[in-house]
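Text of the file upload-v6.cif, holding mmCIF, C-alpha atoms and all ligand atoms:
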```
data_structure
loop_
_atom_site.label_atom_id
_atom_site.label_comp_id
_atom_site.auth_asym_id
_atom_site.auth_seq_id
_atom_site.Cartn_x
_atom_site.Cartn_y
_atom_site.Cartn_z
CA MET A 78 63.09 -176.06 -5.76
CA HIS A 79 60.39 -173.38 -5.46
CA ARG A 80 57.41 -174.13 -3.26
CA VAL A 81 54.14 -172.19 -3.10
CA HIS A 82 53.47 -171.08 0.49
CA ASP A 83 49.93 -171.05 1.84
CA ASN A 84 51.05 -168.64 4.54
CA LEU A 85 51.22 -165.31 2.67
CA PHE A 86 52.97 -163.68 5.64
CA ASN A 87 56.04 -165.73 4.66
CA GLY A 88 56.34 -163.32 1.73
CA ILE A 89 57.00 -160.55 4.27
CA ILE A 90 59.33 -162.68 6.37
CA ALA A 91 61.44 -163.51 3.30
CA LEU A 92 62.27 -159.86 2.60
CA PRO A 93 65.81 -158.58 3.15
CA SER A 94 66.55 -155.94 5.80
CA PHE A 95 65.43 -152.31 5.86
CA PRO A 96 67.29 -149.22 7.08
CA VAL A 97 66.64 -148.24 10.68
CA VAL A 98 65.94 -144.57 11.33
CA PHE A 99 64.93 -142.33 14.20
CA VAL A 100 61.76 -140.50 13.25
CA THR A 101 61.48 -137.21 15.10
CA VAL A 102 58.43 -134.99 15.33
CA ASP A 103 57.76 -132.21 17.77
CA ARG A 104 59.98 -133.23 20.75
CA ASN A 105 59.55 -136.98 20.33
CA ILE A 106 61.67 -139.77 18.86
CA MET A 107 60.64 -143.21 17.61
CA VAL A 108 62.45 -145.92 15.66
CA ALA A 109 61.21 -147.07 12.25
CA ALA A 110 62.42 -149.77 9.89
CA ALA A 111 59.41 -149.24 7.60
CA PHE A 112 61.33 -146.52 5.80
CA HIS A 113 62.18 -146.00 2.16
CA PHE A 114 63.27 -143.51 -0.44
CA TYR A 115 60.19 -142.40 -2.43
CA SER A 116 61.27 -140.00 -5.21
CA PHE A 117 64.45 -138.46 -6.61
CA CYS A 118 62.70 -135.34 -7.86
CA PRO A 119 61.48 -133.80 -5.68
CA PRO A 120 63.68 -135.67 -3.15
CA SER A 121 61.20 -137.52 -0.96
CA VAL A 122 61.10 -140.39 1.51
CA MET A 123 58.34 -142.44 3.07
CA VAL A 124 57.82 -143.86 6.52
CA GLY A 125 55.26 -146.36 7.81
CA ILE A 126 53.91 -145.78 11.33
CA LYS A 127 51.38 -147.81 13.25
CA PRO A 128 48.38 -145.61 14.12
CA GLU A 129 48.55 -146.41 17.83
CA LYS A 130 51.98 -144.79 18.14
CA TYR A 131 52.26 -141.32 19.61
CA THR A 132 54.41 -140.40 16.60
CA TYR A 133 51.46 -141.11 14.29
CA GLU A 134 49.33 -138.63 16.21
CA LEU A 135 52.08 -136.01 16.12
CA ILE A 136 52.87 -136.34 12.39
CA SER A 137 49.16 -136.26 11.53
CA LYS A 138 48.90 -132.99 13.44
CA LYS A 139 52.15 -131.27 12.49
CA LYS A 140 52.47 -132.56 8.90
CA GLU A 141 56.24 -132.80 9.20
CA PHE A 142 58.95 -135.11 10.53
CA GLY A 143 62.69 -135.54 10.78
CA ILE A 144 64.56 -138.65 9.60
CA ASN A 145 67.74 -139.18 11.58
CA ILE A 146 70.14 -141.96 10.64
CA PRO A 147 71.75 -143.65 13.65
CA THR A 148 75.09 -145.41 13.68
CA LYS A 149 75.72 -148.91 14.94
CA ASP A 150 77.17 -147.41 18.13
CA GLN A 151 73.73 -146.04 19.00
CA LEU A 152 72.02 -149.41 19.39
CA ASP A 153 71.24 -148.72 23.06
CA LYS A 154 69.42 -145.53 22.06
CA ILE A 155 67.53 -147.44 19.37
CA HIS A 156 66.30 -149.89 22.00
CA ILE A 157 65.09 -147.04 24.21
CA CYS A 158 63.38 -144.98 21.48
CA GLY A 159 61.96 -148.11 19.85
CA SER A 160 60.28 -149.46 22.98
CA ILE A 161 59.09 -146.57 25.16
CA SER A 162 56.23 -144.31 24.09
CA GLY A 163 56.91 -140.60 24.20
CA ARG A 164 53.34 -139.83 25.18
CA HIS A 165 54.39 -139.38 28.83
CA GLU A 166 58.19 -139.63 28.65
CA ASP A 167 60.96 -137.43 27.26
CA LYS A 168 63.01 -139.86 25.18
CA TYR A 169 65.69 -137.24 24.47
CA LYS A 170 66.43 -137.26 28.21
CA ILE A 171 66.15 -141.02 28.71
CA ALA A 172 68.30 -141.89 25.68
CA ASP A 173 70.72 -139.01 26.33
CA LEU A 174 70.22 -137.47 22.89
CA THR A 175 70.29 -133.74 22.10
CA PRO A 176 67.28 -132.11 20.46
CA LYS A 177 68.23 -129.60 17.76
CA LYS A 178 65.54 -127.33 16.31
CA GLY A 179 65.06 -127.85 12.58
CA ASN A 180 65.73 -125.04 10.12
CA LYS A 181 62.73 -125.74 7.90
CA ILE A 182 60.51 -127.65 10.30
CA ASP A 183 59.25 -126.69 13.72
CA SER A 184 60.14 -130.15 15.11
CA TYR A 185 63.51 -131.20 16.53
CA ILE A 186 66.16 -133.35 14.87
CA ILE A 187 68.90 -135.30 16.69
CA GLU A 188 72.27 -133.63 17.11
CA GLU A 189 74.18 -136.94 17.57
CA CYS A 190 73.00 -138.50 14.28
CA PRO A 191 75.37 -138.13 11.31
CA VAL A 192 72.47 -137.53 8.90
CA SER A 193 69.20 -135.69 9.50
CA LEU A 194 66.55 -134.88 6.93
CA GLU A 195 63.86 -132.30 7.58
CA CYS A 196 60.67 -133.35 5.78
CA LYS A 197 57.24 -131.88 5.17
CA VAL A 198 54.37 -134.31 4.67
CA VAL A 199 53.02 -134.06 1.12
CA HIS A 200 50.84 -137.14 1.17
CA GLN A 201 49.39 -139.62 3.64
CA ILE A 202 48.44 -142.98 2.19
CA GLU A 203 44.96 -144.11 3.17
CA TYR A 204 45.11 -147.88 3.00
CA GLU A 205 43.84 -150.40 5.46
CA GLY A 206 47.19 -151.84 6.58
CA SER A 207 49.02 -152.21 9.89
CA HIS A 208 51.28 -149.26 9.03
CA LYS A 209 50.09 -145.89 7.75
CA TRP A 210 52.56 -144.37 5.32
CA PHE A 211 53.55 -140.72 5.19
CA ILE A 212 55.41 -139.34 2.17
CA GLY A 213 57.69 -136.47 3.12
CA GLU A 214 59.46 -134.06 0.81
CA ILE A 215 62.99 -133.32 2.01
CA LYS A 216 63.36 -129.61 2.77
CA GLU A 217 66.73 -129.52 4.57
CA VAL A 218 69.66 -131.98 4.73
CA HIS A 219 72.31 -132.21 7.47
CA ILE A 220 75.24 -134.58 6.85
CA ASP A 221 78.33 -134.92 9.03
CA ASP A 222 81.53 -134.56 6.96
CA GLU A 223 82.81 -137.79 8.52
CA TYR A 224 79.70 -139.78 7.58
CA VAL A 225 80.11 -143.06 5.73
CA ARG A 226 76.96 -144.87 4.64
CA ASP A 227 78.38 -148.19 5.78
CA SER A 228 78.04 -147.07 9.39
CA ALA A 229 74.24 -147.15 9.15
CA LEU A 230 72.13 -150.02 10.46
CA MET A 231 69.66 -152.40 8.85
CA PHE A 232 66.92 -154.33 10.64
CA TRP A 233 64.36 -157.01 10.03
CA LEU A 234 62.62 -159.56 12.24
CA GLY A 235 64.61 -158.85 15.37
CA GLN A 236 67.96 -158.90 13.57
CA PHE A 237 70.19 -155.81 13.36
CA ARG A 238 72.99 -155.78 10.79
CA THR A 239 75.34 -153.33 9.14
CA VAL A 240 74.94 -152.44 5.48
CA GLY A 241 77.36 -155.01 4.05
CA GLU A 242 80.14 -155.10 1.49
CA VAL A 243 80.02 -153.28 -1.85
CA ILE A 244 80.20 -155.87 -4.63
CA GLU A 245 79.86 -153.40 -7.50
CA GLY A 246 79.76 -149.62 -7.95
CA ALA A 247 81.50 -146.46 -6.73
CA SER A 248 82.57 -146.04 -3.13
CA ASN A 249 79.91 -144.41 -0.97
CA SER A 250 81.80 -141.23 -0.18
CA GLU A 251 82.30 -140.43 -3.88
CA LEU A 252 78.55 -140.18 -4.35
CA LEU A 253 77.94 -137.35 -1.85
CA ARG A 254 78.42 -133.94 -3.46
C1 LIG A 301 64.19 -151.77 15.16
C2 LIG A 301 62.81 -151.22 15.35
C3 LIG A 301 62.04 -150.91 14.24
C4 LIG A 301 60.76 -150.39 14.40
N1 LIG A 301 60.05 -150.05 13.28
C5 LIG A 301 58.82 -149.49 13.41
C6 LIG A 301 58.12 -149.04 12.26
O1 LIG A 301 58.61 -149.11 11.13
N2 LIG A 301 56.88 -148.52 12.44
C7 LIG A 301 56.29 -148.39 13.69
O2 LIG A 301 55.14 -147.92 13.79
N3 LIG A 301 56.95 -148.79 14.81
C8 LIG A 301 58.21 -149.32 14.69
N4 LIG A 301 58.92 -149.68 15.81
C9 LIG A 301 58.30 -149.49 17.15
C10 LIG A 301 58.33 -148.03 17.67
O3 LIG A 301 59.60 -147.44 17.47
C11 LIG A 301 58.01 -148.03 19.17
O4 LIG A 301 56.74 -148.63 19.40
C12 LIG A 301 58.08 -146.66 19.83
O5 LIG A 301 58.13 -146.84 21.22
C13 LIG A 301 56.92 -145.75 19.47
O6 LIG A 301 57.08 -144.54 20.14
P1 LIG A 301 55.97 -143.41 20.26
O7 LIG A 301 54.76 -144.03 20.89
O8 LIG A 301 56.62 -142.36 21.13
O9 LIG A 301 55.67 -142.92 18.87
C14 LIG A 301 60.20 -150.19 15.69
C15 LIG A 301 60.99 -150.52 16.81
C16 LIG A 301 62.27 -151.01 16.64
C17 LIG A 301 63.11 -151.33 17.86
#
```
Could you spell out this file's structure in structure tokens?
Amino acid sequence: MHRVHDNLFNGIIALPSFPVVFVTVDRNIMVAAAFHFYSFCPPSVMVGIKPEKYTYELISKKKEFGINIPTKDQLDKIHICGSISGRHEDKYKIADLTPKKGNKIDSYIIEECPVSLECKVVHQIEYEGSHKWFIGEIKEVHIDDEYVRDSALMFWLGQFRTVGEVIEGASNSELLR
């Protein structure tokens, strides 16, 4: 039976999980689950960052960011980069991750991640919400030959999970060309 909820926040709580990514800009790393594909053509993604984060300040200034997809084995690094601010700390050092200079962006991407996207900000959404969204056009793509999409992580409301079983459609590896 469907029930109307007075608490509108329950509409957010009811949502399924979102992919977890490392957002890199300049020489900083943060974790974001407010991440989504935005457009096929041109290939673009969007990420939602709270304005008090150091990453927000850096992306606003540099107009670029990297999206780095972690694996489930990197949960310890997710906890570090998703809790400490990089304003006074070097998270590459603390999380034992290797910064790799981007080809198309001035910022670093993460060597240990199987997928990294170099993005240039094409639009910043001005809307009075907790997260400020940046749309980034993908300018360079790095994918490890061994990468399988099922190794990525999903997150929502304190719960990490893997992607889950395919119930219809082609196998993931067949889709990458
Ligand atoms: C699983 C997970 C998901 C997160 N998702 C977001 C997010 O989507 N947006 C955001 O602003 N912060 C998010 N955070 C929090 C930031 O990653 C965290 O506050 C980080 O320390 C900010 O670093 P900075 O100050 O160096 O930018 C998330 C943290 C975790 C652990």
What residues have any atom no more than 7 Å from ligand LIG 301 (chain A) when counting all atoms listed in the file, and can you list them as a VMD selection string? chain A and resid 97 105 to 112 125 to 127 130 to 133 155 to 156 158 to 164 208 232
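Among the candidates A:Gln236, A:Asn87, A:Ser184, A:Ser228, the residue lying nearest to Leu135 (chain A) is A:Ser184 (atoms considered: all atoms listed in the file).
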A:Val218, A:Ala91, A:Met231, A:Ile157: which is nearest Lys181 (chain A), counting all atoms listed in the file?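 The answer is A:Val218, which sits nearest to Lys181 (chain A).
Nearest to Asp103 (chain A) of all the residues A:Ser193, A:Gln151, A:Ser137, A:Gln201 is A:Ser137, counting only C-alpha atoms.
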Pairwise distance for CA of Ile220 (chain A) and CA of Pro176 (chain A), rounded to one decimal in Å: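 We find that CA of Ile220 (chain A) and CA of Pro176 (chain A) lie 16.0 Å from each other.
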Could you tell me how far CA of Tyr204 (chain A) sits from CA of Asn84 (chain A), in Å to one decimal place?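 We find that CA of Asn84 (chain A) and CA of Tyr204 (chain A) lie 21.6 Å from each other.
One finds CA of Ala229 (chain A) at 9.0 Å from CA of Val98 (chain A).
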Write out as a compact mmCIF listing (two decimals) with C-alpha atoms, keeping the file's coordinate frame each polymer residue whose atoms come within 7 Å of Glu195 (chain A), counting only C-alpha atoms; drop sequence neighbours fewer than 6 positions from it.
```txt
# COMPACT_ATOMS: atom_id res chain seq x y z
CA PHE A 142 58.95 -135.11 10.53
CA GLY A 143 62.69 -135.54 10.78
CA ILE A 144 64.56 -138.65 9.60
CA GLY A 179 65.06 -127.85 12.58
CA LYS A 181 62.73 -125.74 7.90
CA ILE A 182 60.51 -127.65 10.30
CA ILE A 215 62.99 -133.32 2.01
CA LYS A 216 63.36 -129.61 2.77
CA GLU A 217 66.73 -129.52 4.57
CA VAL A 218 69.66 -131.98 4.73
```
Which residues, written as a ChimeraX atom specification, have at least one atom at most 8 Å from Val122 (chain A), with all atoms listed in the file counted and residues fewer than 3 positions away on the same chain left out? /A:112-116,212-215
5 Å per side around region 118-121 of chain A: axis-aligned box centre and edge lengths, as lines of an AutoDock Vina configuration file:
```
center_x = 62.4
center_y = -135.7
center_z = -4.4
size_x = 12.5
size_y = 13.7
size_z = 16.9
```
I need every residue sitting at most 6 Å from the point (50.8, -138.8, 6.1) (coordinates as in the file, all atoms listed in the file considered), written as a tab-separated table (two decimals) with C-alpha atoms, keeping the file's coordinate frame.
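This is the output file result14.tsv:
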```tsv
chain	number	residue	atom	x	y	z
A	198	VAL	CA	54.37	-134.31	4.67
A	200	HIS	CA	50.84	-137.14	1.17
A	201	GLN	CA	49.39	-139.62	3.64
A	210	TRP	CA	52.56	-144.37	5.32
A	211	PHE	CA	53.55	-140.72	5.19
```
Which of these, A:His219, A:Pro128, A:Pro147, A:Lys138, has the shortest distance to Gly206 (chain A) once you count all atoms listed in the file? A:Pro128
Exercise: Leu253 (chain A) partners within 12 Å, only C-alpha atoms, chain neighbours under 6 positions left out, as a PyMOL selection string: chain A and resi 218+220-226+247
Among listed residues A:Glu188, A:Tyr169, A:Val199, A:Thr175, nearest Pro120 (chain A) (using only C-alpha atoms):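 Of the candidates, the smallest distance to Pro120 (chain A) is held by A:Val199.
In this comparison, which uses all atoms listed in the file, the residue of A:Lys140, A:Lys149, A:Arg80, A:Lys197 approaching Asp227 (chain A) most closely is A:Lys149.
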